Each structure stands twice: as C-alpha cells, then as structure tokens.
$ cat protein.tsv   # TSV, C-alpha atoms
chain	number	residue	atom	x	y	z
A	1	GLN	CA	-10.45	19.97	10.67
A	2	GLU	CA	-7.31	17.80	10.48
A	3	ALA	CA	-9.25	15.04	8.71
A	4	VAL	CA	-10.66	17.45	6.12
A	5	HIS	CA	-7.18	18.84	5.43
A	6	ARG	CA	-5.71	15.35	4.95
A	7	LEU	CA	-8.62	14.32	2.76
A	8	SER	CA	-8.17	17.38	0.56
A	9	ASN	CA	-4.47	16.51	0.14
A	10	LEU	CA	-5.41	12.98	-0.90
A	11	LEU	CA	-7.95	14.20	-3.42
A	12	ARG	CA	-5.54	16.77	-4.84
A	13	TYR	CA	-2.94	14.06	-5.42
A	14	VAL	CA	-5.40	11.69	-7.07
A	15	MET	CA	-6.90	14.37	-9.30
A	16	TYR	CA	-3.90	16.50	-10.27
A	17	ASP	CA	-0.51	15.20	-9.16
A	18	ASN	CA	-0.54	11.72	-10.63
A	19	ASN	CA	-1.56	12.32	-14.25
A	20	GLU	CA	1.71	10.89	-15.57
A	21	LYS	CA	2.48	7.18	-15.90
A	22	PHE	CA	5.13	7.53	-13.18
A	23	VAL	CA	5.29	9.90	-10.20
A	24	ALA	CA	8.13	10.93	-7.91
A	25	MET	CA	8.66	8.46	-5.09
A	26	ASP	CA	8.59	11.22	-2.46
A	27	LYS	CA	5.12	12.33	-3.63
A	28	GLU	CA	3.86	8.73	-3.59
A	29	LEU	CA	5.21	8.22	-0.07
A	30	GLU	CA	3.68	11.51	1.10
A	31	PHE	CA	0.31	10.41	-0.29
A	32	THR	CA	0.68	7.07	1.48
A	33	ARG	CA	1.53	8.75	4.80
A	34	ASN	CA	-1.46	11.08	4.46
A	35	TYR	CA	-3.77	8.14	3.79
A	36	ILE	CA	-2.44	6.21	6.81
A	37	ASP	CA	-2.73	9.30	9.03
A	38	LEU	CA	-6.34	9.77	7.94
A	39	MET	CA	-7.14	6.12	8.67
A	40	LYS	CA	-5.49	6.38	12.11
A	41	LEU	CA	-8.18	8.85	13.15
A	42	ARG	CA	-10.81	6.11	13.10
A	43	LEU	CA	-8.81	3.41	14.90
A	44	SER	CA	-9.77	2.21	18.35
A	45	PRO	CA	-7.18	1.61	21.09
A	46	ASP	CA	-7.53	-2.14	20.36
A	47	VAL	CA	-5.63	-1.68	17.08
A	48	LYS	CA	-1.84	-1.79	17.07
A	49	LEU	CA	-0.52	0.13	14.06
A	50	ASN	CA	3.16	-0.04	13.17
A	51	VAL	CA	4.31	2.01	10.19
A	52	THR	CA	7.80	2.34	8.73
A	53	ILE	CA	8.21	4.43	5.60
A	54	ASP	CA	11.76	5.22	4.54
A	55	GLY	CA	12.27	6.86	1.16
A	56	ASN	CA	16.02	7.32	1.73
A	57	GLY	CA	15.87	10.58	-0.24
A	58	SER	CA	14.99	8.65	-3.38
A	59	LYS	CA	14.72	10.59	-6.63
A	60	ASP	CA	13.22	7.55	-8.33
A	61	MET	CA	9.88	7.41	-10.10
A	62	ILE	CA	7.14	4.82	-9.52
A	63	ALA	CA	3.74	4.07	-11.00
A	64	SER	CA	1.16	5.92	-8.91
A	65	LEU	CA	-0.89	4.31	-6.16
A	66	MET	CA	1.09	1.05	-6.18
A	67	PHE	CA	0.84	0.53	-2.41
A	68	MET	CA	-2.76	1.65	-1.90
A	69	THR	CA	-4.54	-1.64	-2.54
A	70	LEU	CA	-2.47	-3.42	0.10
A	71	ILE	CA	-2.78	-0.65	2.68
A	72	GLU	CA	-6.47	-0.05	2.05
A	73	ASN	CA	-7.18	-3.79	2.39
A	74	ALA	CA	-5.34	-3.88	5.73
A	75	PHE	CA	-7.54	-1.13	7.15
A	76	LYS	CA	-10.68	-2.66	5.63
A	77	HIS	CA	-10.15	-6.31	6.59
A	78	GLY	CA	-7.56	-6.22	9.38
A	79	ILE	CA	-9.64	-4.50	12.02
A	80	ASN	CA	-12.41	-6.03	14.10
A	81	SER	CA	-14.04	-3.69	16.59
A	82	GLY	CA	-13.79	-4.93	20.14
A	83	LYS	CA	-10.99	-7.39	19.33
A	84	ASP	CA	-7.25	-6.90	19.43
A	85	SER	CA	-6.13	-6.14	15.89
A	86	PHE	CA	-2.89	-5.16	14.23
A	87	ILE	CA	-1.60	-3.63	11.02
A	88	ASP	CA	2.12	-3.57	10.18
A	89	ILE	CA	3.15	-1.51	7.15
A	90	SER	CA	6.71	-1.19	5.89
A	91	ILE	CA	7.88	0.63	2.76
A	92	LEU	CA	11.63	0.77	2.24
A	93	VAL	CA	13.24	2.40	-0.78
A	94	ASP	CA	16.73	1.52	-1.93
A	95	SER	CA	17.46	4.59	-4.07
A	96	GLY	CA	18.22	3.71	-7.67
A	97	LYS	CA	17.48	0.04	-7.11
A	98	GLY	CA	13.94	-0.57	-5.94
A	99	VAL	CA	11.29	-0.55	-3.27
A	100	LEU	CA	10.01	-3.19	-0.87
A	101	CYS	CA	6.54	-2.87	0.63
A	102	THR	CA	5.19	-5.37	3.17
A	103	VAL	CA	1.80	-5.24	4.82
A	104	GLU	CA	0.59	-7.67	7.45
A	105	ASN	CA	-2.67	-7.45	9.32
A	106	SER	CA	-4.78	-9.49	11.68
A	107	MET	CA	-7.26	-11.84	10.07
A	108	PHE	CA	-10.53	-12.83	11.64
A	109	GLU	CA	-12.81	-15.84	11.28
A	110	LYS	CA	-14.91	-14.39	8.44
A	111	GLU	CA	-11.80	-13.80	6.26
A	112	LYS	CA	-10.31	-17.21	7.12
A	113	ASN	CA	-13.44	-18.95	5.83
A	114	MET	CA	-13.52	-17.12	2.50
A	115	GLU	CA	-11.19	-19.44	0.58
A	116	SER	CA	-12.21	-18.41	-2.95
A	117	ARG	CA	-12.03	-14.69	-2.19
A	118	THR	CA	-9.07	-13.13	-3.94
A	119	GLY	CA	-10.36	-9.60	-4.17
A	120	ILE	CA	-10.63	-7.53	-7.31
A	121	GLY	CA	-8.12	-5.01	-5.94
A	122	LEU	CA	-5.39	-7.63	-5.58
A	123	ALA	CA	-6.15	-9.04	-9.04
A	124	ASN	CA	-6.00	-5.54	-10.57
A	125	LEU	CA	-2.73	-4.78	-8.77
A	126	SER	CA	-1.24	-8.00	-10.11
A	127	LYS	CA	-2.27	-7.08	-13.67
A	128	ARG	CA	-0.84	-3.55	-13.31
A	129	LEU	CA	2.45	-4.98	-12.11
A	130	GLU	CA	2.63	-7.33	-15.10
A	131	LEU	CA	1.99	-4.45	-17.50
A	132	LEU	CA	4.24	-1.83	-15.89
A	133	TYR	CA	7.01	-3.95	-14.36
A	134	PRO	CA	7.20	-7.22	-16.33
A	135	ASP	CA	9.87	-9.49	-14.81
A	136	LYS	CA	10.89	-6.59	-12.53
A	137	HIS	CA	8.61	-7.22	-9.56
A	138	GLU	CA	7.67	-9.76	-6.93
A	139	PHE	CA	4.14	-9.89	-5.53
A	140	ILE	CA	3.20	-12.39	-2.83
A	141	VAL	CA	0.00	-12.65	-0.80
A	142	GLU	CA	-0.42	-15.23	1.96
A	143	LYS	CA	-3.20	-16.14	4.33
A	144	ARG	CA	-1.33	-17.18	7.45
A	145	THR	CA	-2.75	-18.77	10.60
A	146	GLU	CA	-3.82	-15.51	12.25
A	147	SER	CA	-2.85	-12.89	9.68
A	148	PHE	CA	-2.84	-11.81	6.06
A	149	PHE	CA	0.57	-10.94	4.59
A	150	ALA	CA	1.45	-9.15	1.35
A	151	LEU	CA	4.86	-8.40	-0.13
A	152	LEU	CA	5.46	-6.14	-3.10
A	153	ARG	CA	8.97	-5.60	-4.46
A	154	ILE	CA	9.60	-3.43	-7.51
A	155	ASP	CA	12.91	-3.07	-9.35
A	156	PHE	CA	13.36	0.52	-10.58
A	157	GLY	CA	15.55	-0.58	-13.50
A	158	ILE	CA	12.46	-0.99	-15.71
A	159	GLN	CA	11.87	2.78	-15.87
A	160	LYS	CA	14.80	3.29	-18.19
A	161	GLU	CA	13.27	0.79	-20.61
A	162	LEU	CA	9.79	2.42	-20.52
A	163	SER	CA	10.94	6.04	-20.87
$ encode --input "protein.tsv" --output "structure tokens"
Amino acid sequence: QEAVHRLSNLLRYVMYDNNEKFVAMDKELEFTRNYIDLMKLRLSPDVKLNVTIDGNGSKDMIASLMFMTLIENAFKHGINSGKDSFIDISILVDSGKGVLCTVENSMFEKEKNMESRTGIGLANLSKRLELLYPDKHEFIVEKRTESFFALLRIDFGIQKELS
C-alpha cells in the first residue's frame, strides 16, 4: 500500500506538477525523496544507502527532474544482489545561490569493463544543462576504482535571465 501511494505521488508530479519550464525547489526535492523512498523498498540488507537532502527552505526554482538521471542510474547500476553495495546521495541547496547534487555508488566488474558506455541519460542531462543553464552549471562524471561518482552544480542566477 505504501509503495502504491508513493508511486501515485510520483506519477502525479510527472503528469501535472511539472508542466512549467521551472518548478519550485521544494516540490522537486519532495519528488526526489519520494522516488528514493520507493526505491528503498526493494533494497536488500547488503545495500548501504546514505541520503542527505537539505533544501534550506529555498524558494528558488529549478528545471524539473534535474537529479533523476543520476539517482536512477545509482539504483540501476550501483546494486549487485548478494554483494555489498552502496549509494550515497547528497543534495544541498544554498538558497538564492544554487544547488549541489552528488551521487556516488558502487561499481561492479560489468560496469568497469564497459569503457565506451556513456549512457543516453547522462548525455541527455548534459544537453539539458547546456540549454537551460549555459555557463551556470558544472557536471562531472567519474569512473573511480570501485565506484561511479557524479557531481551536478547549478547556479540559480540564470533564472533571472530566462524569465
């Protein structure tokens, strides 16, 4: 019942609440929390999940679903059943200035050997950032020794120019 309720909240947000170019940061963070909570339901005890989401009461606006590609990829590629796995998610908002999102997850042998794989989701996110936040973002992805790391920083100052 809890899963169905969370799923309905996610669908409502995707279908109705994010029709504008930018959405309220608190709604975006609520959607992100709901998604993570839904994904938690399917995790085994072998997965260590650390989540920090601090909106600091931000009244800022952000393009919708900016964090989803990174978080979805962590749950999709960062978990290997029967092996110790981890996902660390941090989203910190500095009200009026910007947001910093970092996601790090365990990486297993099959992902380490896929050198040419960049993922269409990451490529699409990069293109969206260039269109919506030109020269006002930083986007880094790294394959580390035992993990995959992504950093997304967005400067809110661009919203005044787009409005």
$ closest_residue --input "protein.tsv" --among "A:Gln1, A:Thr32, A:Asn9, A:Thr69" --to "Gly119 of chain A" --atoms "all atoms listed in the file"
A:Thr69
$ closest_residue --input "protein.tsv" --among "A:Lys21, A:Lys83, A:Arg33, A:Arg128" --to "Leu7 of chain A" --atoms "only C-alpha atoms"
A:Arg33
$ residues_around --input "protein.tsv" --residues "Thr52 of chain A" --least-positions-apart "6" --cutoff "12 Å" --atoms "all atoms listed in the file" --output "MDAnalysis selection string"
chainID A and resid 29 32:33 36 87:93 100:103
$ write_last_selection --input "protein.tsv" --atoms "C-alpha atoms" --output "mmCIF file, in the frame of the given file"
data_model
loop_
_atom_site.group_PDB
_atom_site.id
_atom_site.type_symbol
_atom_site.label_atom_id
_atom_site.label_comp_id
_atom_site.auth_asym_id
_atom_site.auth_seq_id
_atom_site.Cartn_x
_atom_site.Cartn_y
_atom_site.Cartn_z
ATOM 1 C CA LEU A 29 5.210 8.220 -0.070
ATOM 2 C CA THR A 32 0.680 7.070 1.480
ATOM 3 C CA ARG A 33 1.530 8.750 4.800
ATOM 4 C CA ILE A 36 -2.440 6.210 6.810
ATOM 5 C CA ILE A 87 -1.600 -3.630 11.020
ATOM 6 C CA ASP A 88 2.120 -3.570 10.180
ATOM 7 C CA ILE A 89 3.150 -1.510 7.150
ATOM 8 C CA SER A 90 6.710 -1.190 5.890
ATOM 9 C CA ILE A 91 7.880 0.630 2.760
ATOM 10 C CA LEU A 92 11.630 0.770 2.240
ATOM 11 C CA VAL A 93 13.240 2.400 -0.780
ATOM 12 C CA LEU A 100 10.010 -3.190 -0.870
ATOM 13 C CA CYS A 101 6.540 -2.870 0.630
ATOM 14 C CA THR A 102 5.190 -5.370 3.170
ATOM 15 C CA VAL A 103 1.800 -5.240 4.820
#
$ atom_distance --input "protein.tsv" --atom1 "atom CA of Ser147 of chain A" --atom2 "atom CA of His77 of chain A"
10.3 Å
$ closest_residue --input "protein.tsv" --among "A:Thr145, A:Ser85, A:Asn34, A:Ser95" --to "Val4 of chain A" --atoms "only C-alpha atoms"
A:Asn34
$ residues_around --input "protein.tsv" --residues "segment 123-125 of chain A" --least-positions-apart "5" --cutoff "9 Å" --atoms "only C-alpha atoms" --output "PyMOL selection string"
chain A and resi 66+69-70+118+130
$ residues_around --input "protein.tsv" --residues "Phe156 of chain A" --least-positions-apart "6" --cutoff "7 Å" --atoms "all atoms listed in the file" --output "PyMOL selection string"
chain A and resi 96-98
$ atom_distance --input "protein.tsv" --atom1 "atom CA of Asp54 of chain A" --atom2 "atom CA of Met68 of chain A"
16.3 Å
$ closest_atom_pairs --input "protein.tsv" --of "segment 2-51 of chain A" --to "segment 57-64 of chain A" --cutoff "8 Å" --atoms "only C-alpha atoms" --output "tab-separated table"
residue	atom	partner	partner_atom	distance
A:Asn18	CA	A:Ser64	CA	6.3
A:Lys21	CA	A:Ala63	CA	5.9
A:Phe22	CA	A:Ala63	CA	4.3
A:Val23	CA	A:Met61	CA	5.2
A:Ala24	CA	A:Met61	CA	4.5
A:Met25	CA	A:Met61	CA	5.3
A:Asp26	CA	A:Ser58	CA	7.0
A:Glu28	CA	A:Ser64	CA	6.6
$ atom_distance --input "protein.tsv" --atom1 "atom CA of Lys27 of chain A" --atom2 "atom CA of Leu65 of chain A"
10.3 Å
$ closest_residue --input "protein.tsv" --among "A:Met39, A:Ile120, A:Ile154, A:Ala74" --to "Pro134 of chain A" --atoms "only C-alpha atoms"
A:Ile154
$ closest_residue --input "protein.tsv" --among "A:Val51, A:Met107, A:Val99, A:Leu129" --to "Lys76 of chain A" --atoms "all atoms listed in the file"
A:Met107
$ axis_aligned_box --input "protein.tsv" --around "segment 55-68 of chain A" --padding-each-side "6 Å" --output "lines of an AutoDock Vina configuration file"
center_x = 6.6
center_y = 5.6
center_z = -4.6
size_x = 30.8
size_y = 22.1
size_z = 24.7
$ residues_around --input "protein.tsv" --residues "Ser44 of chain A" --least-positions-apart "6" --cutoff "10 Å" --atoms "only C-alpha atoms" --output "number ranges by chain"
A: 79-85
$ write_last_selection --input "protein.tsv" --atoms "C-alpha atoms" --output "mmCIF file, keeping the file's coordinate frame"
data_model
loop_
_atom_site.group_PDB
_atom_site.id
_atom_site.type_symbol
_atom_site.label_atom_id
_atom_site.label_comp_id
_atom_site.auth_asym_id
_atom_site.auth_seq_id
_atom_site.Cartn_x
_atom_site.Cartn_y
_atom_site.Cartn_z
ATOM 1 C CA ILE A 79 -9.640 -4.500 12.020
ATOM 2 C CA ASN A 80 -12.410 -6.030 14.100
ATOM 3 C CA SER A 81 -14.040 -3.690 16.590
ATOM 4 C CA GLY A 82 -13.790 -4.930 20.140
ATOM 5 C CA LYS A 83 -10.990 -7.390 19.330
ATOM 6 C CA ASP A 84 -7.250 -6.900 19.430
ATOM 7 C CA SER A 85 -6.130 -6.140 15.890
#
